[in-house]
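Content type CSV, C-alpha atoms, from the file final28.csv:
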chain,number,residue,atom,x,y,z
A,108,MET,CA,-69.8,32.5,67.9
A,109,GLU,CA,-66.6,30.7,67.2
A,110,PRO,CA,-64.2,31.7,64.4
A,111,GLY,CA,-64.8,29.8,61.2
A,112,THR,CA,-68.6,29.5,61.9
A,113,ALA,CA,-70.9,31.1,59.3
A,114,GLN,CA,-73.6,33.4,60.7
A,115,PRO,CA,-77.1,32.5,59.5
A,116,GLY,CA,-78.1,34.6,56.5
A,117,LEU,CA,-74.6,36.0,56.1
A,118,PRO,CA,-72.2,35.0,53.3
A,119,PHE,CA,-69.0,34.9,55.4
A,120,ASP,CA,-68.0,33.4,58.7
A,121,GLN,CA,-67.2,35.7,61.6
A,122,ILE,CA,-63.4,35.6,61.1
A,123,SER,CA,-63.9,36.8,57.5
A,124,ARG,CA,-66.1,39.6,58.6
A,125,ASP,CA,-63.7,40.8,61.3
A,126,TYR,CA,-60.9,40.7,58.7
A,127,LEU,CA,-62.8,42.6,56.2
A,128,ALA,CA,-64.0,45.2,58.7
A,129,LEU,CA,-60.3,45.8,59.7
A,130,ALA,CA,-59.2,46.0,56.1
A,131,PHE,CA,-61.9,48.5,55.1
A,132,GLY,CA,-61.2,50.5,58.3
A,133,LEU,CA,-57.5,50.8,57.4
A,134,ASP,CA,-58.4,51.7,53.8
A,135,GLN,CA,-60.3,54.8,55.2
A,136,HIS,CA,-56.9,56.0,56.6
A,137,ILE,CA,-54.5,54.5,53.9
A,138,ALA,CA,-55.9,55.3,50.5
A,139,GLY,CA,-55.4,52.4,48.1
A,140,PHE,CA,-54.7,49.8,50.8
A,141,ILE,CA,-57.6,47.7,49.4
A,142,ASP,CA,-56.4,46.9,45.9
A,143,ALA,CA,-59.5,44.9,44.8
A,144,TYR,CA,-62.7,43.6,46.3
A,145,SER,CA,-65.0,41.0,44.7
A,146,GLY,CA,-67.4,40.2,47.5
A,147,PRO,CA,-71.0,41.1,48.0
A,148,PRO,CA,-71.5,44.8,47.2
A,149,GLU,CA,-73.8,45.3,50.3
A,150,ILE,CA,-71.0,44.3,52.6
A,151,ARG,CA,-68.5,46.7,50.8
A,152,ASP,CA,-71.1,49.5,50.9
A,153,ARG,CA,-71.8,49.0,54.6
A,154,LEU,CA,-68.2,49.0,55.5
A,155,VAL,CA,-67.4,52.0,53.3
A,156,ARG,CA,-70.2,54.0,54.8
A,157,ALA,CA,-69.3,53.1,58.4
A,158,GLU,CA,-68.0,55.8,60.7
A,159,PRO,CA,-64.2,55.7,60.3
A,160,ALA,CA,-62.5,54.0,63.3
A,161,THR,CA,-59.8,55.9,65.1
A,162,PRO,CA,-56.2,54.7,64.7
A,163,ASP,CA,-56.3,53.5,68.3
A,164,GLY,CA,-59.6,51.7,67.6
A,165,LEU,CA,-58.1,50.0,64.5
A,166,LEU,CA,-55.1,48.9,66.5
A,167,GLU,CA,-57.3,47.4,69.1
A,168,GLN,CA,-59.3,45.5,66.4
A,169,ALA,CA,-56.1,44.3,64.7
A,170,ARG,CA,-54.6,43.0,68.0
A,171,ALA,CA,-57.8,41.3,68.9
A,172,LEU,CA,-58.0,39.5,65.6
A,173,VAL,CA,-54.4,38.3,66.0
A,174,MET,CA,-55.1,37.0,69.5
A,175,GLN,CA,-58.3,35.3,68.2
A,176,LEU,CA,-56.3,33.5,65.5
A,177,GLU,CA,-53.4,32.6,67.7
A,178,GLY,CA,-55.8,31.1,70.3
A,179,GLY,CA,-57.9,29.1,67.8
A,180,ASP,CA,-57.2,25.8,66.1
A,181,ASP,CA,-60.5,25.2,64.4
A,182,LEU,CA,-59.4,26.7,61.1
A,183,PRO,CA,-57.5,24.8,58.3
A,184,GLY,CA,-53.8,25.3,58.9
A,185,ASP,CA,-53.0,27.1,55.7
A,186,ARG,CA,-56.0,29.4,56.1
A,187,ARG,CA,-55.1,30.2,59.7
A,188,ALA,CA,-51.4,30.9,58.7
A,189,PHE,CA,-52.5,33.2,55.9
A,190,LEU,CA,-54.9,35.2,58.2
A,191,LEU,CA,-52.3,35.5,60.9
A,192,ALA,CA,-49.6,36.8,58.5
A,193,GLN,CA,-52.1,39.3,57.1
A,194,SER,CA,-53.4,40.4,60.5
A,195,ARG,CA,-50.0,40.9,62.0
A,196,ALA,CA,-49.1,43.2,59.1
A,197,MET,CA,-52.3,45.1,59.8
A,198,VAL,CA,-51.2,45.5,63.4
A,199,ALA,CA,-48.0,47.2,62.2
A,200,LEU,CA,-50.0,49.5,59.9
A,201,ALA,CA,-52.4,50.4,62.7
A,202,GLU,CA,-49.5,51.1,65.1
A,203,ARG,CA,-48.0,53.5,62.6
A,204,LEU,CA,-51.3,55.2,62.2
A,205,ALA,CA,-51.6,55.5,65.9
A,206,GLY,CA,-48.2,57.3,66.1
A,207,ALA,CA,-45.7,54.6,66.6
A,208,GLU,CA,-42.3,55.2,64.9
A,209,LEU,CA,-41.1,52.3,62.7
A,210,SER,CA,-37.8,52.2,61.0
A,211,TYR,CA,-37.9,51.6,57.2
A,212,GLU,CA,-36.4,48.2,57.7
A,213,ASP,CA,-39.0,47.3,60.3
A,214,GLU,CA,-41.8,48.6,58.1
A,215,VAL,CA,-40.7,46.2,55.3
A,216,ARG,CA,-40.2,43.3,57.7
A,217,ARG,CA,-43.5,43.7,59.6
A,218,CYS,CA,-45.7,44.5,56.6
A,219,PHE,CA,-44.3,42.0,54.2
A,220,ASP,CA,-42.8,39.3,56.3
A,221,VAL,CA,-39.5,39.5,54.4
A,222,PRO,CA,-36.2,41.2,55.4
A,223,ALA,CA,-35.2,44.5,53.9
A,224,ALA,CA,-32.1,43.0,52.3
A,225,ARG,CA,-29.4,45.2,50.7
A,226,THR,CA,-27.3,44.3,47.7
A,227,PRO,CA,-23.7,45.6,47.8
A,228,ASP,CA,-22.5,47.8,45.0
A,229,GLU,CA,-19.8,45.3,44.2
A,230,VAL,CA,-22.5,42.9,43.0
A,231,PHE,CA,-23.9,45.5,40.6
A,232,ASP,CA,-20.4,46.4,39.5
A,233,ALA,CA,-20.0,42.7,38.4
A,234,ALA,CA,-23.3,42.9,36.5
A,235,LEU,CA,-22.1,46.0,34.6
A,236,VAL,CA,-18.9,44.1,33.6
A,237,ASP,CA,-21.1,41.3,32.2
A,238,LEU,CA,-23.3,43.8,30.4
A,239,ASP,CA,-20.2,45.4,28.9
A,240,GLU,CA,-19.4,42.0,27.4
A,241,ALA,CA,-22.9,41.3,26.2
A,242,LEU,CA,-23.9,44.7,24.6
A,243,PRO,CA,-23.0,45.6,21.0
A,244,GLY,CA,-19.7,47.4,20.8
A,245,ARG,CA,-17.9,45.4,23.4
A,246,GLY,CA,-14.7,47.0,24.7
A,247,SER,CA,-15.5,50.4,23.3
A,248,GLY,CA,-16.5,52.0,26.6
A,249,ASP,CA,-19.5,54.3,26.9
A,250,LEU,CA,-21.7,51.7,28.5
A,251,ASP,CA,-24.6,54.2,29.1
A,252,GLY,CA,-24.6,55.2,25.5
A,253,ARG,CA,-24.5,51.6,24.2
A,254,MET,CA,-27.3,50.5,26.5
A,255,ALA,CA,-29.4,53.5,25.4
A,256,ALA,CA,-28.7,52.8,21.7
A,257,TRP,CA,-29.6,49.1,22.1
A,258,LYS,CA,-32.9,49.9,24.0
A,259,ARG,CA,-33.9,52.5,21.3
A,260,GLY,CA,-33.9,49.7,18.7
A,261,TYR,CA,-36.9,48.1,20.6
A,262,VAL,CA,-39.0,51.2,21.2
A,263,VAL,CA,-42.5,51.1,19.6
A,264,GLU,CA,-45.3,53.6,19.5
A,265,PRO,CA,-48.3,53.1,21.9
A,266,GLU,CA,-50.5,52.4,18.9
A,267,THR,CA,-48.1,49.6,17.8
A,268,ALA,CA,-48.0,48.2,21.4
A,269,ARG,CA,-51.8,48.1,21.4
A,270,ARG,CA,-51.8,46.1,18.2
A,271,LEU,CA,-49.1,43.7,19.5
A,272,LEU,CA,-51.3,42.8,22.4
A,273,ASP,CA,-53.4,40.9,19.8
A,274,VAL,CA,-50.4,38.7,19.2
A,275,ILE,CA,-49.3,38.3,22.8
A,276,VAL,CA,-52.5,37.8,24.7
A,277,PRO,CA,-53.9,34.8,22.8
A,278,GLU,CA,-50.5,33.1,23.0
A,279,ILE,CA,-49.9,33.5,26.7
A,280,ARG,CA,-53.6,32.8,27.5
A,281,ALA,CA,-53.4,29.5,25.6
A,282,ARG,CA,-50.1,28.6,27.4
A,283,THR,CA,-51.8,29.4,30.7
A,284,ARG,CA,-54.8,27.2,29.9
A,285,ARG,CA,-52.4,24.3,29.3
A,286,LEU,CA,-51.1,24.9,32.8
A,287,VAL,CA,-54.4,25.3,34.7
A,288,GLU,CA,-58.1,25.4,34.0
A,289,LEU,CA,-59.5,29.0,33.8
A,290,PRO,CA,-63.2,29.8,34.6
A,291,GLU,CA,-65.5,30.1,31.6
A,292,GLY,CA,-65.9,33.7,30.6
A,293,GLU,CA,-62.8,35.1,32.3
A,294,SER,CA,-61.4,38.1,30.5
A,295,VAL,CA,-58.8,40.9,30.5
A,296,ALA,CA,-59.2,44.4,29.0
A,297,PHE,CA,-56.2,46.6,28.3
A,298,GLU,CA,-55.9,50.4,28.3
A,299,LEU,CA,-52.9,52.7,27.7
A,300,VAL,CA,-52.6,55.4,30.3
A,301,SER,CA,-50.2,58.1,31.5
A,302,ASP,CA,-49.0,60.0,34.6
A,303,LYS,CA,-48.6,56.9,36.8
A,304,PRO,CA,-45.7,55.8,39.0
A,305,TRP,CA,-45.7,52.2,37.7
A,306,SER,CA,-45.2,50.7,34.2
A,307,GLY,CA,-48.3,48.5,34.3
A,308,TYR,CA,-51.1,47.7,36.7
A,309,ASN,CA,-53.8,45.0,37.1
A,310,TRP,CA,-57.1,46.3,38.4
A,311,TYR,CA,-59.0,43.1,39.3
A,312,LEU,CA,-62.7,43.8,38.8
A,313,GLY,CA,-64.1,40.5,40.3
A,314,GLY,CA,-66.0,37.8,38.5
A,315,ALA,CA,-62.8,36.7,36.7
A,316,ARG,CA,-62.4,40.0,34.9
A,317,SER,CA,-59.5,42.4,35.0
A,318,LEU,CA,-58.5,45.8,33.5
A,319,VAL,CA,-54.8,46.1,32.8
A,320,GLU,CA,-53.4,49.6,32.3
A,321,ILE,CA,-50.0,50.1,30.6
A,322,ASN,CA,-48.3,53.4,31.3
A,323,THR,CA,-47.0,55.4,28.3
A,324,ASP,CA,-45.0,58.0,30.4
A,325,LEU,CA,-41.8,56.3,29.3
A,326,PRO,CA,-41.0,54.5,26.0
A,327,ILE,CA,-42.6,51.1,25.4
A,328,HIS,CA,-40.0,48.5,24.5
A,329,VAL,CA,-41.3,45.6,22.5
A,330,ASN,CA,-38.8,43.2,24.1
A,331,GLY,CA,-40.4,43.8,27.5
A,332,LEU,CA,-44.0,43.8,26.5
A,333,THR,CA,-44.6,40.1,26.7
A,334,GLY,CA,-43.1,39.9,30.2
A,335,LEU,CA,-45.3,42.9,31.3
A,336,VAL,CA,-48.5,41.3,30.0
A,337,CYS,CA,-47.6,37.9,31.5
A,338,HIS,CA,-46.9,39.7,34.8
A,339,GLU,CA,-50.3,41.5,34.9
A,340,ALA,CA,-52.5,38.9,33.2
A,341,TYR,CA,-51.5,35.4,32.2
A,342,PRO,CA,-50.4,33.6,34.3
A,343,GLY,CA,-49.7,36.5,36.7
A,344,HIS,CA,-52.0,38.8,38.6
A,345,HIS,CA,-55.3,38.2,36.7
A,346,THR,CA,-54.8,34.5,36.8
A,347,GLU,CA,-54.0,34.4,40.5
A,348,HIS,CA,-56.8,36.7,41.5
A,349,THR,CA,-59.3,34.8,39.3
A,350,LEU,CA,-58.4,31.4,40.6
A,351,LYS,CA,-58.3,32.4,44.3
A,352,GLU,CA,-61.6,34.2,44.0
A,353,GLN,CA,-63.2,31.1,42.4
A,354,ARG,CA,-61.6,28.4,44.5
A,355,LEU,CA,-61.2,30.0,47.9
A,356,PHE,CA,-63.8,32.6,48.1
A,357,ARG,CA,-66.7,31.4,45.9
A,358,ALA,CA,-66.2,27.7,46.5
A,359,ARG,CA,-65.2,27.7,50.2
A,360,GLU,CA,-66.6,31.1,51.3
A,361,TRP,CA,-63.3,32.3,52.8
A,362,GLY,CA,-64.1,35.9,52.7
A,363,GLU,CA,-60.5,37.1,53.1
A,364,PHE,CA,-60.0,36.0,49.5
A,365,SER,CA,-62.6,38.4,48.3
A,366,VAL,CA,-60.1,41.2,48.8
A,367,GLN,CA,-56.5,42.0,47.8
A,368,LEU,CA,-54.5,44.1,50.2
A,369,ILE,CA,-51.4,46.3,49.6
A,370,SER,CA,-48.7,46.4,52.3
A,371,THR,CA,-49.2,42.8,53.5
A,372,PRO,CA,-47.5,39.4,52.9
A,373,GLN,CA,-50.1,38.6,50.4
A,374,ALA,CA,-48.4,41.1,48.0
A,375,VAL,CA,-45.0,39.2,48.3
A,376,ILE,CA,-46.6,36.0,47.0
A,377,SER,CA,-48.6,37.9,44.3
A,378,GLU,CA,-45.6,39.8,43.0
A,379,GLY,CA,-43.5,36.7,43.2
A,380,ILE,CA,-46.0,34.8,41.0
A,381,ALA,CA,-46.2,37.7,38.6
A,382,THR,CA,-42.4,38.2,38.2
A,383,LEU,CA,-42.0,34.5,37.5
A,384,ALA,CA,-45.1,34.3,35.2
A,385,GLU,CA,-43.2,34.7,31.9
A,386,SER,CA,-40.6,32.1,32.8
A,387,ILE,CA,-43.4,29.6,33.6
A,388,VAL,CA,-45.2,29.7,30.3
A,389,PHE,CA,-41.9,30.4,28.3
A,390,PRO,CA,-39.4,28.1,30.0
A,391,GLY,CA,-35.7,28.8,29.6
A,392,ASP,CA,-34.9,31.2,26.8
A,393,GLU,CA,-38.2,30.4,25.0
A,394,ALA,CA,-39.7,33.9,25.5
A,395,ILE,CA,-36.9,35.7,23.6
A,396,ARG,CA,-36.9,33.2,20.8
A,397,TRP,CA,-40.7,33.4,20.5
A,398,GLN,CA,-40.6,37.2,20.4
A,399,VAL,CA,-37.9,37.3,17.7
A,400,ALA,CA,-39.9,34.8,15.6
A,401,GLU,CA,-43.5,36.0,16.2
A,402,LEU,CA,-43.6,39.4,17.8
A,403,TYR,CA,-40.8,41.5,16.3
A,404,PRO,CA,-41.9,41.1,12.7
A,405,ALA,CA,-45.3,42.5,13.6
A,406,ALA,CA,-43.6,45.5,15.2
A,407,GLY,CA,-41.1,46.0,12.4
A,408,VAL,CA,-38.2,45.4,14.8
A,409,GLN,CA,-35.0,43.4,14.2
A,410,GLY,CA,-33.7,41.2,17.0
A,411,ASP,CA,-30.8,38.9,17.7
A,412,ALA,CA,-32.0,36.2,20.1
A,413,ASP,CA,-28.6,35.0,21.1
A,414,GLN,CA,-27.4,38.5,22.0
A,415,GLU,CA,-30.7,39.3,23.9
A,416,ILE,CA,-30.2,36.1,25.9
A,417,LEU,CA,-26.8,37.2,27.0
A,418,ILE,CA,-28.0,40.7,27.9
A,419,GLN,CA,-31.0,39.4,29.8
A,420,ARG,CA,-28.7,37.1,31.9
A,421,ALA,CA,-26.4,40.0,32.7
A,422,GLN,CA,-29.3,42.1,33.9
A,423,ARG,CA,-30.7,39.6,36.3
A,424,THR,CA,-28.7,40.9,39.3
A,425,LEU,CA,-30.1,44.4,38.5
A,426,ARG,CA,-33.5,43.4,39.7
A,427,ALA,CA,-32.4,44.3,43.2
A,428,LEU,CA,-31.6,47.9,42.3
A,429,SER,CA,-35.0,49.4,43.3
A,430,SER,CA,-35.0,47.9,46.8
A,431,THR,CA,-31.4,48.9,47.5
A,432,ALA,CA,-32.2,52.4,46.2
A,433,ALA,CA,-35.2,52.5,48.5
A,434,LEU,CA,-32.9,51.7,51.5
A,435,MET,CA,-30.5,54.4,50.5
A,436,LEU,CA,-33.4,56.9,50.4
A,437,HIS,CA,-35.4,55.9,53.4
A,438,ALA,CA,-32.9,54.2,55.7
A,439,ASP,CA,-29.7,55.9,54.9
A,440,GLY,CA,-31.1,59.4,54.4
A,441,ARG,CA,-29.5,59.9,51.0
A,442,SER,CA,-30.8,62.8,48.9
A,443,GLU,CA,-33.1,62.2,45.9
A,444,ASP,CA,-30.4,63.5,43.6
A,445,GLU,CA,-27.9,61.0,45.0
A,446,VAL,CA,-30.3,58.2,44.5
A,447,VAL,CA,-31.1,59.3,41.0
A,448,ALA,CA,-27.4,59.4,40.1
A,449,TRP,CA,-26.9,55.9,41.6
A,450,LEU,CA,-29.8,54.6,39.6
A,451,LYS,CA,-28.4,56.1,36.4
A,452,ARG,CA,-25.0,54.6,37.1
A,453,TYR,CA,-26.0,51.0,38.0
A,454,GLY,CA,-29.3,50.8,36.1
A,455,LEU,CA,-28.0,52.5,33.0
A,456,ARG,CA,-31.1,54.6,33.1
A,457,THR,CA,-31.7,58.0,31.6
A,458,GLU,CA,-32.4,61.0,33.9
A,459,GLU,CA,-36.1,60.7,32.9
A,460,GLU,CA,-36.2,57.0,33.7
A,461,ALA,CA,-34.4,57.4,37.0
A,462,ARG,CA,-36.7,60.2,38.1
A,463,HIS,CA,-39.8,58.1,37.1
A,464,GLN,CA,-38.4,55.3,39.3
A,465,LEU,CA,-37.9,57.7,42.1
A,466,ARG,CA,-41.5,58.7,42.0
A,467,PHE,CA,-42.4,55.1,42.8
A,468,LEU,CA,-39.9,54.8,45.6
A,469,THR,CA,-41.2,58.0,47.3
A,470,ASP,CA,-44.9,57.3,46.9
A,471,PRO,CA,-46.4,56.7,50.4
A,472,LEU,CA,-48.3,53.6,49.3
A,473,TRP,CA,-45.4,52.0,47.3
A,474,ARG,CA,-42.2,53.1,49.1
A,475,ALA,CA,-41.9,49.8,51.0
A,476,TYR,CA,-43.8,47.7,48.4
A,477,VAL,CA,-40.8,47.8,46.1
A,478,PHE,CA,-39.3,44.9,48.1
A,479,THR,CA,-42.1,42.5,47.1
A,480,TYR,CA,-40.8,42.2,43.5
A,481,HIS,CA,-37.3,40.7,43.8
A,482,ALA,CA,-37.9,39.3,47.3
A,483,GLY,CA,-41.1,37.5,46.1
A,484,ARG,CA,-39.3,36.3,43.0
A,485,ASP,CA,-36.3,34.9,44.8
A,486,LEU,CA,-38.4,33.3,47.5
A,487,LEU,CA,-40.8,31.5,45.1
A,488,ALA,CA,-38.1,30.6,42.6
A,489,GLY,CA,-36.1,28.9,45.3
A,490,TRP,CA,-39.2,26.9,46.3
A,491,LEU,CA,-40.1,26.0,42.7
A,492,ALA,CA,-36.6,24.8,42.0
A,493,GLN,CA,-36.4,22.3,44.8
A,494,GLY,CA,-37.3,18.7,43.9
A,495,ASP,CA,-38.2,17.2,40.6
A,496,PRO,CA,-38.0,19.8,37.7
A,497,ALA,CA,-41.1,18.1,36.2
A,498,THR,CA,-43.2,19.3,39.2
A,499,VAL,CA,-42.5,23.0,38.6
A,500,ASP,CA,-45.8,23.7,36.8
A,501,GLU,CA,-47.7,21.7,39.4
A,502,ARG,CA,-46.1,23.7,42.2
A,503,PHE,CA,-46.8,27.0,40.4
A,504,VAL,CA,-50.4,26.1,40.2
A,505,ARG,CA,-50.4,25.5,44.0
A,506,LEU,CA,-49.2,29.1,44.4
A,507,LEU,CA,-52.0,30.3,42.2
A,508,THR,CA,-54.8,28.4,44.0
A,509,THR,CA,-53.9,28.0,47.7
A,510,PRO,CA,-53.4,30.2,50.8
A,511,THR,CA,-49.6,30.9,50.9
A,512,THR,CA,-47.3,33.0,53.1
A,513,PRO,CA,-43.7,34.0,52.7
A,514,ALA,CA,-42.9,32.3,56.0
A,515,GLY,CA,-44.6,29.1,54.9
A,516,ILE,CA,-42.7,29.1,51.6
A,517,LEU,CA,-39.4,29.7,53.4
A,518,ALA,CA,-40.0,26.9,55.9
A,519,ASP,CA,-40.9,24.5,53.1
A,520,THR,CA,-37.8,25.5,51.2
A,521,THR,CA,-35.3,25.2,54.0
A,522,GLY,CA,-36.9,22.0,55.4

Please go through the file and, once you have read it, give me the structure as structure tokens.
Amino acid sequence: MEPGTAQPGLPFDQISRDYLALAFGLDQHIAGFIDAYSGPPEIRDRLVRAEPATPDGLLEQARALVMQLEGGDDLPGDRRAFLLAQSRAMVALAERLAGAELSYEDEVRRCFDVPAARTPDEVFDAALVDLDEALPGRGSGDLDGRMAAWKRGYVVEPETARRLLDVIVPEIRARTRRLVELPEGESVAFELVSDKPWSGYNWYLGGARSLVEINTDLPIHVNGLTGLVCHEAYPGHHTEHTLKEQRLFRAREWGEFSVQLISTPQAVISEGIATLAESIVFPGDEAIRWQVAELYPAAGVQGDADQEILIQRAQRTLRALSSTAALMLHADGRSEDEVVAWLKRYGLRTEEEARHQLRFLTDPLWRAYVFTYHAGRDLLAGWLAQGDPATVDERFVRLLTTPTTPAGILADTTG
């Protein structure tokens, strides 16, 4: 049967079924590789119960899928490009399982279809100069202490953070609904958790429902809470997963969109969407001014919008800290203590904060994933910025609703 042709009595075409079989096979060897699945339970159950394929067997499956996609032209172009990018990443994962040695840079490039770019320390040095100008107490030295003191002014207890969600969620959901139509009955539940390597996580449950967990291991800062919820829910991960499930899986029966996979180019697009989410529904400096006016009074926090704007702008370059730290650790062979000291210096983090970040950078599942955040943001921001500014919202909706790859975005951006 040709790729793209549905089998009688089965919900997916053959190419979808081969893709899902490979994904579930890899998940049996790489715990957490499948982040979410919203397809028929009977297919999931059959694939989970299947005898685990050997690494060599998975590699053969992955290469066969790539060859099938490269040789066929009966699929829509955007769907074929998406499947090829995903399948090539799964070839790299299967090669590693089968014993192949991959450098850290090759792991990033082959899994995520983006380069493992390094940011020079001089760039971070310049950012610290800007922060020195923006933080209270300019010219007094002790940048670490001033940053810590400024951040302490925004700390709220977990119970307060939970209450603030009742202010944030209706606002960002309403703004997202003005951007794109959401399915009837979609919903997001929130839970506060601990002992996790991340600050927040969206668990997509299928059927336009998500559970978002917020980690309380480190202090919760009210000035970052809106951005976190935008990232995980509206118009970030929950919104993207919901719309692609509804429009690509449910409506078109493209089974590859019933599953979200870690360690693939799909994650670069997803994290790019999520890291830009707040700026889409709160253009310019609107998020800070909304928080000062609407959120901080509910938290009993005082804020200076103009000062926050200056500090936020000075911190933009520091988004690349995690990926550069990961290269120091995994490519350069620097010790964990050296990397922690570097994160404390340039990230102005406490020892506890730096050690928590190190936990993410050393986790087997997430050690390369760290590149998806700023690489995804930079890639999608460049694409959104080209052309008429009035089309930014329309273009963002395209990201939320259509098959997209990093290579495709880059080609469209560079012409």

Tell me which protein, DNA and RNA residues are within 12 Å of Val287 (chain A), counting all atoms listed in the file, leaving out same-chain ones fewer than 5 positions away, and put them as a PyMOL selection string.
chain A and resi 280-282+341-342+346-347+349-350+387-388+500-508

Take the point (-52.9, 35.3, 62.1) as written in the file and pick out every residue within 9 Å of it, counting all atoms listed in the file; give the list as a list in words.
Leu172, Val173, Met174, Gln175, Leu176, Glu177, Arg186, Arg187, Ala188, Phe189, Leu190, Leu191, Ala192, Gln193, Ser194 and Arg195 of chain A

Let me make sure I understand: among A:Phe231, A:Val336, A:Gly410, A:Asp220, which one has the smallest atom-to-atom distance to Leu517 (chain A) if we use only C-alpha atoms?
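Of all the options, A:Asp220 lies closest to Leu517 (chain A).
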
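Proximity ranking of A:Val230, A:Ala130, A:Leu242, A:Leu286 relative to Val198 (chain A) places A:Ala130 first, based on only C-alpha atoms.
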
From A:Asp185, A:Glu443, A:Asp125, A:Glu458, residue lying nearest Thr511 (chain A) [all atoms listed in the file]:
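Using all atoms listed in the file, the shortest distance to Thr511 (chain A) belongs to A:Asp185.
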
For the point (-58.2, 37.2, 46.7) in file coordinates, what residues are within 6 Å, counting all atoms listed in the file? Give the answer as a PyMOL selection string?
chain A and resi 348+351-352+364-367

For Leu468 (chain A): contacts at 10 Å, all atoms listed in the file, fewer than 4 positions along chain excluded, given as an NGL selection string:
:A and (304 or 429-430 or 432-434 or 436-437 or 462-464 or 472-477)
